[in-house]
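File shown here: data-v4.tsv, holding TSV, C-alpha atoms.
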chain	number	residue	atom	x	y	z
A	11	MET	CA	1.66	9.70	16.42
A	12	GLN	CA	1.64	11.63	13.13
A	13	SER	CA	-1.23	13.95	12.37
A	14	ASN	CA	-3.17	15.05	9.36
A	15	GLY	CA	-3.13	18.53	10.84
A	16	SER	CA	-1.95	21.29	8.55
A	17	ASN	CA	0.57	22.59	11.11
A	18	LEU	CA	2.47	19.34	11.56
A	19	VAL	CA	5.95	19.15	10.08
A	20	PHE	CA	6.83	15.81	8.50
A	21	THR	CA	10.50	14.99	8.09
A	22	ARG	CA	9.65	13.49	4.67
A	23	GLY	CA	6.59	13.86	2.47
A	24	SER	CA	5.77	17.24	3.98
A	25	GLU	CA	4.13	18.49	0.78
A	26	LEU	CA	1.47	15.78	0.77
A	27	PRO	CA	-1.17	17.33	3.07
A	28	ALA	CA	-1.32	20.49	0.95
A	29	LEU	CA	-1.38	18.51	-2.28
A	30	LEU	CA	-4.32	16.43	-1.06
A	31	ASN	CA	-6.25	19.65	-0.45
A	32	ASP	CA	-5.29	21.03	-3.85
A	33	ARG	CA	-6.12	18.12	-6.18
A	34	ILE	CA	-6.95	14.42	-6.31
A	35	LEU	CA	-3.66	12.55	-6.09
A	36	ILE	CA	-2.88	9.42	-8.11
A	37	LEU	CA	-1.50	6.20	-6.66
A	38	ASP	CA	0.05	3.57	-8.90
A	39	GLY	CA	-1.53	0.25	-9.91
A	40	ALA	CA	-0.83	-3.42	-9.34
A	41	MET	CA	2.71	-4.75	-9.15
A	42	GLY	CA	1.81	-8.44	-9.44
A	43	THR	CA	-0.22	-7.90	-12.61
A	44	MET	CA	2.78	-6.31	-14.29
A	45	ILE	CA	5.21	-8.96	-13.09
A	46	GLN	CA	2.94	-11.68	-14.49
A	47	GLN	CA	3.30	-10.20	-17.96
A	48	TYR	CA	7.04	-11.00	-17.90
A	49	LYS	CA	6.20	-14.73	-17.56
A	50	LEU	CA	9.22	-15.34	-15.32
A	51	SER	CA	10.54	-18.84	-14.73
A	52	GLU	CA	11.99	-20.37	-11.57
A	53	ALA	CA	15.46	-19.55	-12.88
A	54	ASP	CA	14.41	-15.94	-13.48
A	55	TYR	CA	13.22	-15.59	-9.90
A	56	ARG	CA	16.60	-16.89	-8.73
A	57	GLY	CA	18.36	-14.37	-10.96
A	58	LEU	CA	20.08	-17.03	-13.05
A	59	PRO	CA	22.34	-17.17	-14.92
A	60	GLY	CA	23.87	-13.80	-14.03
A	61	ASN	CA	23.10	-13.89	-10.31
A	62	THR	CA	24.05	-17.16	-8.59
A	63	ARG	CA	23.36	-16.00	-5.03
A	64	PHE	CA	20.17	-18.07	-4.79
A	65	ALA	CA	21.09	-20.86	-7.19
A	66	ASP	CA	21.13	-23.50	-4.46
A	67	HIS	CA	18.38	-22.14	-2.24
A	68	PRO	CA	16.10	-25.02	-1.13
A	69	GLY	CA	12.48	-24.93	-2.27
A	70	ASP	CA	10.73	-23.12	-5.09
A	71	LEU	CA	11.12	-19.35	-5.37
A	72	LYS	CA	8.82	-18.71	-8.30
A	73	GLY	CA	6.05	-16.41	-7.12
A	74	ASN	CA	8.18	-14.63	-4.53
A	75	ASN	CA	7.72	-11.25	-6.17
A	76	GLU	CA	9.53	-9.41	-3.40
A	77	LEU	CA	12.73	-11.34	-4.16
A	78	LEU	CA	12.81	-9.71	-7.60
A	79	VAL	CA	14.13	-6.47	-6.09
A	80	LEU	CA	17.35	-8.45	-5.55
A	81	THR	CA	17.36	-10.79	-8.56
A	82	GLN	CA	15.59	-8.76	-11.29
A	83	PRO	CA	15.77	-5.13	-10.10
A	84	HIS	CA	15.57	-3.77	-13.65
A	85	ILE	CA	12.08	-5.27	-14.03
A	86	ILE	CA	10.80	-3.65	-10.84
A	87	GLN	CA	12.43	-0.35	-11.79
A	88	LYS	CA	10.75	-0.44	-15.20
A	89	ILE	CA	7.34	-1.11	-13.66
A	90	HIS	CA	7.76	1.85	-11.31
A	91	GLU	CA	8.76	4.09	-14.19
A	92	ASP	CA	5.82	2.95	-16.30
A	93	TYR	CA	3.42	3.99	-13.54
A	94	LEU	CA	5.15	7.32	-13.05
A	95	GLU	CA	5.02	7.98	-16.78
A	96	ALA	CA	1.29	7.19	-16.64
A	97	GLY	CA	0.78	9.99	-14.10
A	98	ALA	CA	1.18	8.44	-10.64
A	99	ASP	CA	2.04	10.90	-7.87
A	100	ILE	CA	2.80	8.10	-5.42
A	101	ILE	CA	4.30	4.69	-6.18
A	102	GLU	CA	4.39	1.75	-3.79
A	103	THR	CA	7.49	-0.25	-3.00
A	104	ASN	CA	7.45	-3.90	-4.05
A	105	THR	CA	7.29	-5.01	-0.41
A	106	PHE	CA	3.73	-6.22	0.17
A	107	GLY	CA	5.07	-9.60	1.34
A	108	ALA	CA	8.54	-8.48	2.42
A	109	THR	CA	8.19	-9.39	6.09
A	110	SER	CA	10.00	-12.19	7.87
A	111	VAL	CA	6.59	-13.77	8.58
A	112	ALA	CA	5.58	-13.83	4.91
A	113	GLN	CA	9.05	-14.83	3.70
A	114	GLU	CA	8.97	-17.93	5.88
A	115	ASP	CA	6.93	-19.49	3.05
A	116	TYR	CA	10.06	-19.32	0.88
A	117	LYS	CA	12.58	-20.07	3.66
A	118	MET	CA	13.87	-16.50	3.38
A	119	PRO	CA	12.86	-14.69	6.61
A	120	GLY	CA	16.39	-13.41	7.09
A	121	LEU	CA	16.24	-11.42	3.85
A	122	ALA	CA	13.28	-9.24	4.84
A	123	ARG	CA	15.32	-6.23	5.97
A	124	GLU	CA	17.47	-6.32	2.83
A	125	MET	CA	14.44	-6.69	0.54
A	126	ASN	CA	12.73	-3.65	2.00
A	127	GLU	CA	15.74	-1.39	1.76
A	128	ALA	CA	16.50	-2.50	-1.81
A	129	ALA	CA	12.86	-2.05	-2.86
A	130	ALA	CA	12.70	1.43	-1.38
A	131	ARG	CA	15.88	2.47	-3.19
A	132	LEU	CA	14.52	1.27	-6.53
A	133	ALA	CA	11.30	3.26	-6.07
A	134	HIS	CA	13.21	6.29	-4.77
A	135	ASP	CA	15.46	6.32	-7.85
A	136	ALA	CA	12.43	6.07	-10.13
A	137	CYS	CA	10.72	9.00	-8.41
A	138	ALA	CA	13.89	11.09	-8.57
A	139	LYS	CA	13.92	10.56	-12.33
A	140	PHE	CA	10.33	11.81	-12.80
A	141	SER	CA	9.92	14.46	-10.07
A	142	THR	CA	9.63	18.11	-11.00
A	143	PRO	CA	8.91	21.18	-8.86
A	144	GLU	CA	5.43	21.30	-10.40
A	145	LYS	CA	4.75	17.58	-9.93
A	146	PRO	CA	6.78	16.01	-7.12
A	147	ARG	CA	6.65	12.22	-6.84
A	148	PHE	CA	6.61	10.19	-3.64
A	149	VAL	CA	7.49	6.68	-2.49
A	150	ALA	CA	5.03	4.85	-0.24
A	151	GLY	CA	6.54	2.00	1.76
A	152	ALA	CA	4.01	-0.81	1.25
A	153	ILE	CA	3.25	-2.76	4.42
A	154	GLY	CA	1.03	-5.77	3.74
A	155	PRO	CA	-1.09	-7.76	6.21
A	156	THR	CA	1.14	-10.91	6.28
A	157	PRO	CA	-0.42	-14.35	5.62
A	158	LYS	CA	-1.30	-14.74	9.30
A	159	THR	CA	-4.06	-13.22	11.40
A	160	ALA	CA	-3.95	-12.22	15.04
A	161	SER	CA	-7.74	-12.21	15.48
A	162	ILE	CA	-9.00	-15.39	13.85
A	163	SER	CA	-8.34	-19.00	14.75
A	164	PRO	CA	-6.81	-21.17	12.01
A	165	ASP	CA	-8.50	-24.18	13.63
A	166	VAL	CA	-12.30	-24.44	13.43
A	167	ASN	CA	-12.22	-26.80	16.41
A	168	ASP	CA	-10.31	-24.37	18.63
A	169	PRO	CA	-11.66	-20.81	18.49
A	170	GLY	CA	-8.94	-19.60	20.87
A	171	ALA	CA	-6.04	-20.82	18.75
A	172	ARG	CA	-3.78	-18.28	17.04
A	173	ASN	CA	-0.89	-18.81	14.63
A	174	ILE	CA	0.84	-15.53	15.48
A	175	SER	CA	1.01	-13.10	18.39
A	176	PHE	CA	0.72	-9.33	18.48
A	177	ASP	CA	4.33	-9.03	19.61
A	178	ALA	CA	5.58	-11.20	16.74
A	179	LEU	CA	3.69	-9.03	14.26
A	180	ARG	CA	5.02	-5.84	15.83
A	181	ASP	CA	8.59	-7.15	15.58
A	182	THR	CA	8.28	-8.21	11.93
A	183	TYR	CA	6.71	-4.87	11.03
A	184	ARG	CA	9.43	-2.93	12.87
A	185	GLU	CA	12.08	-4.73	10.83
A	186	GLN	CA	10.21	-3.88	7.62
A	187	ILE	CA	9.74	-0.24	8.62
A	188	GLU	CA	13.43	0.19	9.37
A	189	GLY	CA	14.39	-1.21	5.97
A	190	LEU	CA	11.89	0.94	4.12
A	191	TYR	CA	13.01	4.09	5.89
A	192	ALA	CA	16.69	3.36	5.25
A	193	GLY	CA	15.89	2.92	1.56
A	194	GLY	CA	14.29	6.36	1.35
A	195	VAL	CA	10.49	6.11	1.48
A	196	ASP	CA	8.51	9.33	1.91
A	197	LEU	CA	5.52	7.78	3.67
A	198	PHE	CA	4.19	4.44	4.87
A	199	LEU	CA	1.14	2.63	3.49
A	200	VAL	CA	-0.45	-0.02	5.71
A	201	GLU	CA	-2.68	-1.68	3.14
A	202	THR	CA	-5.11	-4.48	2.29
A	203	ILE	CA	-6.00	-4.77	5.97
A	204	PHE	CA	-8.24	-7.75	6.64
A	205	ASP	CA	-7.56	-7.94	10.39
A	206	THR	CA	-7.59	-4.74	12.43
A	207	LEU	CA	-5.38	-6.31	15.11
A	208	ASN	CA	-2.67	-6.95	12.51
A	209	ALA	CA	-2.97	-3.31	11.47
A	210	LYS	CA	-2.69	-2.17	15.08
A	211	ALA	CA	0.55	-4.13	15.38
A	212	ALA	CA	1.88	-2.27	12.33
A	213	MET	CA	0.73	1.07	13.77
A	214	PHE	CA	2.34	0.26	17.11
A	215	ALA	CA	5.61	-0.55	15.35
A	216	LEU	CA	5.41	2.72	13.42
A	217	ASP	CA	4.68	4.67	16.59
A	218	GLU	CA	7.68	3.11	18.34
A	219	PHE	CA	9.90	3.78	15.32
A	220	PHE	CA	8.89	7.44	15.18
A	221	GLU	CA	9.42	7.86	18.91
A	222	ASP	CA	12.79	6.08	18.95
A	223	THR	CA	14.21	7.91	15.91
A	224	GLY	CA	12.55	11.32	16.12
A	225	VAL	CA	11.39	11.15	12.49
A	226	LYS	CA	7.82	11.74	11.35
A	227	LEU	CA	6.44	10.40	8.09
A	228	PRO	CA	2.85	10.44	6.83
A	229	VAL	CA	0.95	7.17	7.21
A	230	MET	CA	-1.78	5.97	4.86
A	231	VAL	CA	-4.22	3.25	5.93
A	232	SER	CA	-6.27	1.07	3.58
A	233	GLY	CA	-8.51	-1.87	4.41
A	234	THR	CA	-10.23	-4.43	2.25
A	235	VAL	CA	-13.90	-5.41	2.34
A	236	THR	CA	-14.03	-9.10	1.57
A	237	ASP	CA	-17.66	-9.58	0.54
A	238	ALA	CA	-21.01	-7.87	0.04
A	239	SER	CA	-21.61	-7.78	3.80
A	240	GLY	CA	-19.44	-4.67	3.89
A	241	ARG	CA	-17.08	-6.07	6.51
A	242	ILE	CA	-13.38	-6.81	6.61
A	243	LEU	CA	-12.44	-10.42	7.28
A	244	SER	CA	-12.10	-9.96	11.05
A	245	GLY	CA	-15.75	-8.85	11.13
A	246	GLN	CA	-15.75	-5.06	11.36
A	247	THR	CA	-17.92	-2.75	9.29
A	248	VAL	CA	-16.06	0.11	7.63
A	249	GLU	CA	-17.35	2.50	10.30
A	250	ALA	CA	-16.01	0.28	13.07
A	251	PHE	CA	-12.77	-0.13	11.15
A	252	TRP	CA	-12.36	3.65	10.98
A	253	ASN	CA	-13.16	4.12	14.65
A	254	SER	CA	-10.62	1.44	15.61
A	255	LEU	CA	-7.77	3.24	13.86
A	256	ARG	CA	-8.73	6.91	13.71
A	257	HIS	CA	-6.60	7.68	16.78
A	258	ILE	CA	-3.42	7.37	14.72
A	259	LYS	CA	-4.54	10.37	12.64
A	260	PRO	CA	-3.60	8.94	9.23
A	261	LEU	CA	-2.87	11.11	6.24
A	262	THR	CA	-5.40	9.06	4.22
A	263	PHE	CA	-7.88	6.36	5.15
A	264	GLY	CA	-9.70	4.17	2.66
A	265	LEU	CA	-10.22	0.86	0.90
A	266	ASN	CA	-8.45	-1.16	-1.75
A	267	CYS	CA	-8.54	-4.50	-3.55
A	268	ALA	CA	-11.45	-6.91	-2.97
A	269	LEU	CA	-14.71	-6.08	-4.67
A	270	GLY	CA	-13.76	-3.72	-7.47
A	271	ALA	CA	-15.01	-0.15	-7.79
A	272	ALA	CA	-18.65	-0.88	-8.61
A	273	LEU	CA	-19.27	-2.91	-5.46
A	274	MET	CA	-16.97	-0.76	-3.33
A	275	ARG	CA	-18.91	2.46	-3.81
A	276	PRO	CA	-21.26	2.33	-0.78
A	277	TYR	CA	-18.35	1.70	1.56
A	278	ILE	CA	-16.27	4.53	0.13
A	279	ALA	CA	-19.31	6.77	0.46
A	280	GLU	CA	-19.62	5.76	4.11
A	281	LEU	CA	-15.97	6.58	4.81
A	282	ALA	CA	-16.33	9.91	2.99
A	283	ARG	CA	-19.22	10.73	5.32
A	284	ILE	CA	-17.48	9.88	8.60
A	285	CYS	CA	-13.73	10.41	8.09
A	286	ASN	CA	-12.07	13.67	9.13
A	287	THR	CA	-9.06	12.86	6.99
A	288	ALA	CA	-8.42	12.32	3.27
A	289	VAL	CA	-10.16	9.29	1.74
A	290	SER	CA	-8.37	6.90	-0.62
A	291	CYS	CA	-9.72	4.29	-3.01
A	292	TYR	CA	-7.74	1.95	-5.25
A	293	PRO	CA	-9.92	-0.94	-6.39
A	294	ASN	CA	-9.26	-4.08	-8.38
A	295	ALA	CA	-10.09	-4.03	-12.06
A	296	GLY	CA	-13.42	-5.69	-11.29
A	297	LEU	CA	-13.84	-9.25	-10.09
A	298	PRO	CA	-11.28	-11.98	-10.84
A	299	ASN	CA	-11.35	-13.85	-14.14
A	300	PRO	CA	-8.55	-16.40	-14.57
A	301	MET	CA	-9.14	-16.45	-18.33
A	302	SER	CA	-8.12	-12.79	-18.67
A	303	ASP	CA	-4.51	-11.77	-19.41
A	304	THR	CA	-4.36	-9.76	-16.19
A	305	GLY	CA	-6.70	-12.02	-14.22
A	306	PHE	CA	-9.41	-9.34	-14.21
A	307	ASP	CA	-11.94	-8.17	-16.78
A	308	GLU	CA	-12.26	-4.40	-16.49
A	309	THR	CA	-10.62	-2.31	-19.17
A	310	PRO	CA	-8.98	1.04	-18.34
A	311	GLU	CA	-12.08	2.78	-19.70
A	312	ILE	CA	-14.43	0.91	-17.36
A	313	THR	CA	-12.33	1.24	-14.22
A	314	SER	CA	-11.55	4.91	-14.79
A	315	ALA	CA	-15.22	5.74	-15.37
A	316	LEU	CA	-16.20	4.09	-12.08
A	317	VAL	CA	-13.43	5.83	-10.14
A	318	ASP	CA	-14.30	9.13	-11.80
A	319	GLY	CA	-17.82	8.68	-10.48
A	320	PHE	CA	-16.42	8.72	-6.95
A	321	ALA	CA	-14.44	11.87	-7.75
A	322	LYS	CA	-17.41	13.58	-9.38
A	323	ASP	CA	-19.48	13.03	-6.24
A	324	GLY	CA	-16.76	14.40	-3.96
A	325	LEU	CA	-15.94	11.14	-2.19
A	326	VAL	CA	-12.16	10.81	-2.64
A	327	ASN	CA	-8.80	12.55	-2.31
A	328	LEU	CA	-6.49	9.82	-3.62
A	329	VAL	CA	-7.24	7.15	-6.23
A	330	GLY	CA	-5.33	4.42	-8.02
A	331	GLY	CA	-5.54	0.75	-8.84
A	332	CYS	CA	-5.06	-2.62	-7.19
A	333	CYS	CA	-5.12	-6.17	-8.63
A	334	GLY	CA	-5.52	-6.35	-12.38
A	335	THR	CA	-4.72	-2.70	-13.05
A	336	THR	CA	-1.90	-1.59	-15.35
A	337	PRO	CA	-0.25	1.70	-16.32
A	338	ASP	CA	-3.02	2.11	-18.90
A	339	HIS	CA	-5.60	1.95	-16.10
A	340	ILE	CA	-3.69	4.54	-14.07
A	341	ARG	CA	-3.30	6.83	-17.06
A	342	ALA	CA	-7.04	6.64	-17.73
A	343	ILE	CA	-7.87	7.28	-14.06
A	344	ALA	CA	-5.47	10.24	-13.89
A	345	ASN	CA	-6.95	11.79	-17.02
A	346	ALA	CA	-10.51	11.25	-15.83
A	347	VAL	CA	-10.15	12.81	-12.37
A	348	ALA	CA	-7.91	15.70	-13.45
A	349	LYS	CA	-11.02	17.82	-13.95
A	350	ARG	CA	-12.45	16.98	-10.50
A	351	LYS	CA	-11.97	18.76	-7.20
A	352	PRO	CA	-10.76	16.77	-4.19
A	353	ARG	CA	-13.11	15.91	-1.36
A	354	VAL	CA	-13.17	18.57	1.35
A	355	PHE	CA	-12.15	17.16	4.70
A	356	TYR	CA	-11.77	18.55	8.19
A	357	ARG	CA	-8.32	18.97	9.68
A	358	GLU	CA	-7.78	19.01	13.42
A	359	PRO	CA	-5.46	21.85	14.54
A	360	GLN	CA	-2.21	20.41	15.84
A	361	ALA	CA	0.88	21.76	17.49
A	362	GLU	CA	3.97	21.90	15.31
A	363	VAL	CA	6.45	19.06	15.75
A	364	ALA	CA	10.14	19.82	15.37
A	365	GLU	CA	12.22	17.74	12.99
Transcribe the structure of this file into structure tokens.
Amino acid sequence: MQSNGSNLVFTRGSELPALLNDRILILDGAMGTMIQQYKLSEADYRGLPGNTRFADHPGDLKGNNELLVLTQPHIIQKIHEDYLEAGADIIETNTFGATSVAQEDYKMPGLAREMNEAAARLAHDACAKFSTPEKPRFVAGAIGPTPKTASISPDVNDPGARNISFDALRDTYREQIEGLYAGGVDLFLVETIFDTLNAKAAMFALDEFFEDTGVKLPVMVSGTVTDASGRILSGQTVEAFWNSLRHIKPLTFGLNCALGAALMRPYIAELARICNTAVSCYPNAGLPNPMSDTGFDETPEITSALVDGFAKDGLVNLVGGCCGTTPDHIRAIANAVAKRKPRVFYREPQAEVAE
């Protein structure tokens, strides 16, 4: 599969390996937090009154944030541009739940391919608007975990039961990958991984896509530690998580979401010690608080100070924000780490791959 080796030629995003060695790169912040601030109604999610395509769709659509790339594209475009203006080098497509498996909840599995392509085009257009030779911007195709897990039984009385198969996950991820690539992403981000087997299905789909098409894009991998035990939901420690996926030679490997920066630090430090690739970290703005406007308590000043602590100690190469973060958080993080040097990481020598 793709390599983090300095001699590998990517067909898109080829500047990223050198940039990660040169400075700490900035990822954008939460999409859902920003969408919440628009206080959209059911009619808004359907695109009414101007867009009647989904006027008669059965079931509620409010909360289907991925649908907004089709019904409210100007909102998603504005959010992307706000993050780019705040200093993000990489923005994520609004496709965390844009798989046929996740869209089954809204009776929209057939729209997954269209959603991904439309989302990628919106992000691509935003990056084109802000990119300069001195500061190029990149689109990461966001690939979420889906609401189902391949490793854990949904039935406490039947440990062997599963609500999805590896092959079904691979197929839904392949569809998403094809849409994201067609829309113009520069790299893929397999994120918020709570089940390593789900992630392996995504990696397998990526590997097949690269082999079938002859393209090579960087791949970023990010898991989520669900509690103070330091394990992802399917039971692995961060060291085991790394060793399960290191063979795909990701461009970056790290953690996001979950505990917030303060509680995430020991696990980022562990990855910084063992990973031979760039390390990423984009935490929530602390722990959830439903009484807060964003659902989280940490201000930009608090979150940026915590993330800057990681940078100061040489633990990270890419930082950003997850749930509860806003463009103000990203701007504060970008300003804080601008004075820091990126973590030094080992690169395996690799043979050049033709485009």
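Between Arg350 in chain A and the residues A:Asp66, A:Asp92, A:Asp323, A:Glu102, the shortest atom-to-atom distance, using only C-alpha atoms, involves A:Asp323.
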Write out as a CSV table (one decimal) with C-alpha atoms, in the coordinates of the input which residues come within 12 Å of Phe320 in chain A when counting all atoms listed in the file, dropping same-chain ones fewer than 2 positions away.
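Written output follows (out14.csv):
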chain,number,residue,atom,x,y,z
A,34,ILE,CA,-7.0,14.4,-6.3
A,271,ALA,CA,-15.0,-0.2,-7.8
A,272,ALA,CA,-18.6,-0.9,-8.6
A,274,MET,CA,-17.0,-0.8,-3.3
A,275,ARG,CA,-18.9,2.5,-3.8
A,276,PRO,CA,-21.3,2.3,-0.8
A,277,TYR,CA,-18.4,1.7,1.6
A,278,ILE,CA,-16.3,4.5,0.1
A,279,ALA,CA,-19.3,6.8,0.5
A,280,GLU,CA,-19.6,5.8,4.1
A,281,LEU,CA,-16.0,6.6,4.8
A,282,ALA,CA,-16.3,9.9,3.0
A,289,VAL,CA,-10.2,9.3,1.7
A,290,SER,CA,-8.4,6.9,-0.6
A,291,CYS,CA,-9.7,4.3,-3.0
A,292,TYR,CA,-7.7,2.0,-5.2
A,293,PRO,CA,-9.9,-0.9,-6.4
A,313,THR,CA,-12.3,1.2,-14.2
A,314,SER,CA,-11.6,4.9,-14.8
A,315,ALA,CA,-15.2,5.7,-15.4
A,316,LEU,CA,-16.2,4.1,-12.1
A,317,VAL,CA,-13.4,5.8,-10.1
A,318,ASP,CA,-14.3,9.1,-11.8
A,322,LYS,CA,-17.4,13.6,-9.4
A,323,ASP,CA,-19.5,13.0,-6.2
A,324,GLY,CA,-16.8,14.4,-4.0
A,325,LEU,CA,-15.9,11.1,-2.2
A,326,VAL,CA,-12.2,10.8,-2.6
A,327,ASN,CA,-8.8,12.6,-2.3
A,328,LEU,CA,-6.5,9.8,-3.6
A,329,VAL,CA,-7.2,7.2,-6.2
A,330,GLY,CA,-5.3,4.4,-8.0
A,343,ILE,CA,-7.9,7.3,-14.1
A,346,ALA,CA,-10.5,11.2,-15.8
A,347,VAL,CA,-10.2,12.8,-12.4
A,350,ARG,CA,-12.4,17.0,-10.5
A,351,LYS,CA,-12.0,18.8,-7.2
A,352,PRO,CA,-10.8,16.8,-4.2
A,353,ARG,CA,-13.1,15.9,-1.4
Of A:Arg341, A:Lys49, A:His84, A:Arg123, the one sitting nearest Glu188 in chain A when using only C-alpha atoms is A:Arg123
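Computed from the coordinates, the CA of Ala152 in chain A to CA of Thr336 in chain A distance equals 17.6 Å.
Proximity to Lys259 in chain A was assessed for A:Asp54, A:Glu308, A:Asp303, A:Asp217 counting only C-alpha atoms; the smallest distance is recorded for A:Asp217.
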So that I can see what lies close to Pro143 in chain A, please list as a count of residues only the residues with an atom at most 12 Å from it, counting all atoms listed in the file and leaving out residues fewer than 4 positions away in the same chain.
3
Taking every listed atom of range 95-112 of chain A and adding 6 Å to each side, what centre and edge lengths in Å (one decimal) does the axis-aligned box have, as JSON?
{"center_x": 5.4, "center_y": -1.5, "center_z": -4.1, "size_x": 21.2, "size_y": 36.7, "size_z": 37.4}
Point-to-point distance from CA of Gly331 in chain A to CA of Pro157 in chain A, Å rounded to tenths
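Computed distance, CA of Gly331 in chain A to CA of Pro157 in chain A, equals 21.5 Å.
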Return the single residue from A:Val79, A:Ala321, A:Cys137, A:Ala211 that is closest to Gly97 in chain A, with distances computed using all atoms listed in the file.
A:Cys137
Around (9.4, -11.4, 9.7), as given in the file, which residues come within 10 Å? Count only C-alpha atoms and list them as a PyMOL selection string.
chain A and resi 107-114+118-123+156+178-186
Counting all atoms listed in the file, figure out which residue out of A:Val19, A:Leu77, A:Ala136, A:Ala130 gets nearest to Lys226 in chain A.
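Of all the options, A:Val19 lies closest to Lys226 in chain A.
Once Gly23 in chain A and its same-chain neighbours fewer than 6 positions away are set aside, Phe148, Val149, Val195, Asp196, Leu197, Leu227 and Pro228 of chain A remain within 9 Å of it when counting all atoms listed in the file.
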For Ile242 in chain A, which residue out of A:Ile203, A:Met213, A:Gln47, A:Met230 is the nearest one, using only C-alpha atoms?
A:Ile203
